[in-house]
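*Asks:* Got a structure for you, questions after.
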Amino acid sequence: MDTFALLGHGFLVAFELQNLFYALIGVTLGTAVGVLPGIGPALTVALLLPVTYKLDPAGSLIMFSGIYYGGMYGGSTTSILLNTPGESASIVTALEGNKMARKGRGGPALATAAIGSFVAGLIATMGLALIAPTIVKFALSFGPAEYFALMVLAFMTVSAAFGDSTLRGLTALFIGLALGLIGIDLQTGQARLAFGIPDLLDGIEVTTLAVALFAIGETLSVAAARNSSEDKVEPVKGSVWMSREDWARSWKPWLRGTFIGFPIGAMPAGGAEIGTFLSYSVEKQLTKKPEEFGNGAIEGVAGPEAANNASAAGTLVPLLTLGLPTTATAAIMLAGFQQFGLQPGPLLFATSPQLVWGLIASLLVANLMLLVLNLPLIGLWVRLLSVPKPWLYAGILVFATLGTIGANPSTFELGILLAFGLMGYILRRFGYPIAPVVVGLILGPLAEQQLRRAMAINQGDPMALVSSPIAVVLLLLALAAVVVPLVLRARGKGKVLAQLAADED
C-alpha cells in the first residue's frame, strides 16, 4: 500500500478521541518535565511505564512519543530563562537564548524556539513516514545471523554514545546483559541465576528496572548533591511575538537545522547533541551579524532548536524500523513496546501497521498541539520553575513506588525497586551511563535467541555469523562505533596536552 494511504489510515487512529486525549496528556507532561531542570522525558516515560501497564498499547505509545516531543520543546524554556538546560540537547540554546533574555528579548527567543520546533517536527515526521517503509523492506530480508549482528551494533552504539567513556558504557551494558540471563532459559527450560527464588523465574521486570534506575536513582542522586543554590529566572519582558526582522533571520536557520538534525538523529550512533552543536556552528559561519554571536543572536536559538526537534523524529527511524534505541528516552520507549508484547522492527510494520502508522500520524497531531500550548501558556511554564526541588523529587519517589506496586503488588518487587534504585545512584555517582543497562536487559535475551538459532541452523559453525555480507557490514559498523570515539577522544586529549606544553614553553 502507498505510504500516504497508510499515513491516512494512521490519521484515522490518531483522531480517535481517546488517542487525542493521550497525545494531549503526553505533550503537556513532556513540556512540563522539559521545563523542570534535571528531569527529562526518559525519567517521565519510565515513571509512566507501570501506570500504563493495563492501558491500550496505541494510546500509551502515543503518550510516550508526545512526552518525548514535548520534552524537546520544554527544554528551551529553561535554557533561555534560567540558563540551565532541562535536556542535554538544549545546552546550545542556552548560549544565545539566555543572552537574549537578559537583554529583554526572552519573548522572541521563546517564540523562535517554539515555531522552529514546530517546523522541524513537521518536516522530520514526514521524513520518518517516507523513509521507514524503505528501511523495513530492506530489513525483512534479515536472517538470524543478520539480526544478531544488528543487536551487536545496537549494543556497541549505545555503549559508545552514552557517557564520556566507552569502557564505562560497555560495563553498564554487560550489567544489563547479566540481568537479562536471570530466569528460565526458553530453549532448555532450566532456571538460570534465580538462586532458588520463585519471583526471579520470570526474569527481571524491565518496567521495574527502568523506574528504579531513572526515577529512584535520579532522586537519590539529587538528594546526595546538597545543591541549595537558587537559580535566577530571567523575566519575560514585552511581547512574545517576533518582529519582521526576527522572522527574516529565523526561517532559514529553521530549515537548515531540520536538515542537519534529522539525518544525525536517524543514525544508529546519532543523538540530538551532535546536531545542535553542528547547527550552531553552521549558523555562526553563515550569519551576516557575527558580532551578535555570543551576545544574543536569534539564529543561534532558531537553528539548534530546529535541529533538536528534528533529531527527536530521526531517533524514531532506527527505533521503529530496526528496534535500535539511540537515546535514553528511546531505550525506555523500547521497554514500553516490550511491556505490551511488541518488538519494534520490520515485522512490527507487517503485524501491527495500524499501531505504527497511528503513532506516526499522532506525532504530527502532537506537534501542532505543542505549538498551541507553548506560546500562549508560557507564563504557566515559567511558574513551574519555582517548584521547590524537595517537593518535586519527593513526589517522583512516591509516584515511582506506587506505580510499581500497582503494576506488580509484591513485597519482593518493591525490594528489587529499592536495590536497583541504589544501583542507579551508584552508577551515576561514578559516571556510568544508565541507558545501556536497560538496553542490555531488553535486547540481551533477543540477541541470545538469534545467536543460538543461527548456530543451530548451521550445526554449531561460528563462521555462519559472518557468512552474510549484511552481517559483516553490521559487525564492522559495530566495531567502528567503539573504535572511532576512542580514537577521537585520544586525538582530542593529545591536542589538549600539546597546547598545554606549548603554553608552558
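The way I read the labels, and the way they are meant: chains A, B, ... in the order of the C-alpha cells, residue 1 as the first residue of every chain, and ligand 1 as the first ligand shown, with later ones counted on from there.
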Quick check for you: according to DSSP on this backbone, which residues of segment 376-457 of chain A are classed as helix (DSSP H, G or I)? Reply as a PyMOL selection string.

*Replies:* chain A and resi 378-384+389-407+411-429+435-457

*Asks:* What's the 6 Å shell around segment 474-484 of chain A, counting only C-alpha atoms, without same-chain residues fewer than 2 positions away, as JSON, numbers by chain?

*Replies:* {"A": [149, 153, 156, 157, 160, 471, 472, 486, 487]}

*Asks:* Closest to Gly336 of chain A among A:Val158, A:Ile131, A:Val211, A:Leu414, using only C-alpha atoms?

*Replies:*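 For Gly336 of chain A, the nearest of the candidates is A:Val211.
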
*Asks:* Have a look at A:Thr31, A:Gln459, A:Asn308, A:Thr326 and name the one nearest to Gly71 of chain A; count only C-alpha atoms.

*Replies:* A:Thr31

*Asks:* Rank A:Leu320, A:Ile416, A:Met72, A:Leu186 by their smallest atom-to-atom distance to Trp357 of chain A, using only C-alpha atoms, and report the top residue only.

*Replies:*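 Between A:Leu320, A:Ile416, A:Met72, A:Leu186, the residue approaching Trp357 of chain A most closely is A:Leu320.
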
*Asks:* Closest to Ser65 of chain A among A:Ala456, A:Ile216, A:Ala330, A:Leu446, using only C-alpha atoms?

*Replies:*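 That would be A:Ala330, the residue with the smallest distance to Ser65 of chain A.
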
*Asks:* So, counting only C-alpha atoms, which residue among A:Glu146, A:Glu283, A:Asp461, A:Asp202 is closest to Gln190 of chain A?

*Replies:* A:Asp202

*Asks:* A:Thr78, A:Thr329, A:Thr93, A:Ser362: which is nearest Gly121 of chain A, counting only C-alpha atoms?

*Replies:*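 Nearest candidate to Gly121 of chain A out of A:Thr78, A:Thr329, A:Thr93, A:Ser362: A:Ser362.
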
*Asks:* With only C-alpha atoms as the counted atoms, please give the residues lying no more than 10 Å from Ala194 of chain A, apart from itself and same-chain residues fewer than 2 positions off, as a PyMOL selection string.

*Replies:* chain A and resi 181-184+191-192+196-203

*Asks:* So what do you get for atom CA of Leu443 of chain A versus atom CA of Phe155 of chain A, distance-wise?

*Replies:*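 Between atom CA of Leu443 of chain A and atom CA of Phe155 of chain A the gap works out to 8.3 Å.
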
*Asks:* Give me, as a ChimeraX atom specification, all polymer residues having an atom no more than 12 Å from Leu48 of chain A, counting only C-alpha atoms and skipping those fewer than 3 positions away in the same chain.

*Replies:* /A:25-26,29-30,41-45,51-55,60-61,63-64,67,207-208,210-211,214-215,332-333,335-336,339,396,399-404,406-407

*Asks:* The selected residues should be written to file as a short mmCIF file (atom, residue, chain, number, x, y, z; two decimals), in the first residue's frame (atoms: N, CA and C atoms).

*Replies:*
data_model
loop_
_atom_site.label_atom_id
_atom_site.label_comp_id
_atom_site.auth_asym_id
_atom_site.auth_seq_id
_atom_site.Cartn_x
_atom_site.Cartn_y
_atom_site.Cartn_z
N ILE A 25 -2.17 14.65 26.84
CA ILE A 25 -1.52 14.37 28.13
C ILE A 25 -0.01 14.29 27.93
N GLY A 26 0.41 13.58 26.87
CA GLY A 26 1.84 13.39 26.60
C GLY A 26 2.56 14.70 26.36
N LEU A 29 2.64 16.87 29.65
CA LEU A 29 3.61 16.34 30.61
C LEU A 29 5.04 16.54 30.10
N GLY A 30 5.23 16.28 28.80
CA GLY A 30 6.56 16.41 28.22
C GLY A 30 7.09 17.83 28.31
N PRO A 41 12.54 13.65 29.56
CA PRO A 41 11.49 12.75 29.11
C PRO A 41 11.74 11.29 29.45
N ALA A 42 13.02 10.87 29.51
CA ALA A 42 13.32 9.47 29.83
C ALA A 42 12.78 9.11 31.21
N LEU A 43 13.02 10.00 32.19
CA LEU A 43 12.55 9.75 33.55
C LEU A 43 11.02 9.70 33.59
N THR A 44 10.37 10.61 32.86
CA THR A 44 8.90 10.66 32.88
C THR A 44 8.28 9.42 32.25
N VAL A 45 8.82 9.00 31.09
CA VAL A 45 8.31 7.79 30.45
C VAL A 45 8.52 6.58 31.35
N VAL A 51 2.22 2.62 35.20
CA VAL A 51 0.86 3.17 35.24
C VAL A 51 0.07 2.77 33.99
N THR A 52 0.77 2.70 32.85
CA THR A 52 0.10 2.40 31.57
C THR A 52 0.06 0.91 31.26
N TYR A 53 0.43 0.08 32.23
CA TYR A 53 0.56 -1.36 32.01
C TYR A 53 -0.71 -1.98 31.45
N LYS A 54 -1.87 -1.53 31.93
CA LYS A 54 -3.15 -2.13 31.50
C LYS A 54 -3.93 -1.25 30.53
N LEU A 55 -3.28 -0.22 30.01
CA LEU A 55 -3.95 0.66 29.05
C LEU A 55 -3.80 0.11 27.64
N SER A 60 -0.94 4.39 24.85
CA SER A 60 0.23 4.54 25.72
C SER A 60 1.46 4.98 24.94
N LEU A 61 1.69 4.35 23.78
CA LEU A 61 2.86 4.69 22.97
C LEU A 61 2.74 6.08 22.37
N MET A 63 1.22 8.52 23.88
CA MET A 63 1.51 9.40 25.02
C MET A 63 3.02 9.49 25.25
N PHE A 64 3.72 8.35 25.18
CA PHE A 64 5.17 8.36 25.37
C PHE A 64 5.87 9.22 24.32
N ILE A 67 5.38 12.83 25.05
CA ILE A 67 6.30 13.25 26.12
C ILE A 67 7.68 13.54 25.54
N THR A 207 10.14 -2.89 33.38
CA THR A 207 9.49 -1.70 33.93
C THR A 207 10.09 -1.33 35.28
N THR A 208 10.27 -2.33 36.14
CA THR A 208 10.83 -2.08 37.48
C THR A 208 12.24 -1.54 37.37
N ALA A 210 13.66 0.05 34.81
CA ALA A 210 13.67 1.41 34.23
C ALA A 210 13.26 2.45 35.26
N VAL A 211 12.19 2.18 36.02
CA VAL A 211 11.72 3.12 37.04
C VAL A 211 12.79 3.29 38.11
N PHE A 214 16.09 5.19 36.54
CA PHE A 214 15.89 6.57 36.11
C PHE A 214 15.24 7.43 37.20
N ALA A 215 14.22 6.93 37.88
CA ALA A 215 13.49 7.75 38.85
C ALA A 215 14.11 7.70 40.24
N ILE A 332 13.82 3.66 26.84
CA ILE A 332 12.65 3.45 27.71
C ILE A 332 11.41 3.19 26.86
N MET A 333 11.30 3.85 25.70
CA MET A 333 10.17 3.57 24.80
C MET A 333 10.23 2.14 24.28
N ALA A 335 11.31 -0.32 26.05
CA ALA A 335 10.72 -1.07 27.18
C ALA A 335 9.20 -0.97 27.15
N GLY A 336 8.67 0.20 26.75
CA GLY A 336 7.23 0.40 26.65
C GLY A 336 6.61 -0.52 25.61
N GLN A 339 6.58 -4.13 27.02
CA GLN A 339 5.61 -4.45 28.07
C GLN A 339 4.24 -4.81 27.47
N ILE A 396 8.20 12.42 42.93
CA ILE A 396 8.68 11.41 41.97
C ILE A 396 8.89 10.07 42.68
N PHE A 399 5.48 8.53 43.53
CA PHE A 399 4.81 8.10 42.29
C PHE A 399 5.46 6.83 41.74
N ALA A 400 6.79 6.77 41.79
CA ALA A 400 7.51 5.59 41.29
C ALA A 400 7.15 4.35 42.11
N THR A 401 7.09 4.53 43.42
CA THR A 401 6.79 3.39 44.32
C THR A 401 5.36 2.91 44.11
N LEU A 402 4.41 3.83 44.09
CA LEU A 402 3.01 3.46 43.91
C LEU A 402 2.77 2.82 42.54
N GLY A 403 3.42 3.34 41.51
CA GLY A 403 3.27 2.79 40.16
C GLY A 403 3.76 1.36 40.08
N THR A 404 4.91 1.08 40.72
CA THR A 404 5.47 -0.27 40.71
C THR A 404 4.58 -1.24 41.47
N GLY A 406 1.38 -0.90 41.97
CA GLY A 406 0.14 -1.06 41.20
C GLY A 406 0.30 -2.06 40.07
N ALA A 407 1.47 -2.04 39.40
CA ALA A 407 1.70 -2.96 38.27
C ALA A 407 2.01 -4.37 38.74
#

*Asks:* Identify, on the basis of only C-alpha atoms, every residue whose closest approach to Ala331 of chain A does not exceed 9 Å; exclude the query and any residue fewer than 3 positions from it along the same chain; express the result as a ChimeraX atom specification.

*Replies:* /A:42,319,324-328,334-336,435-436,438-439,442
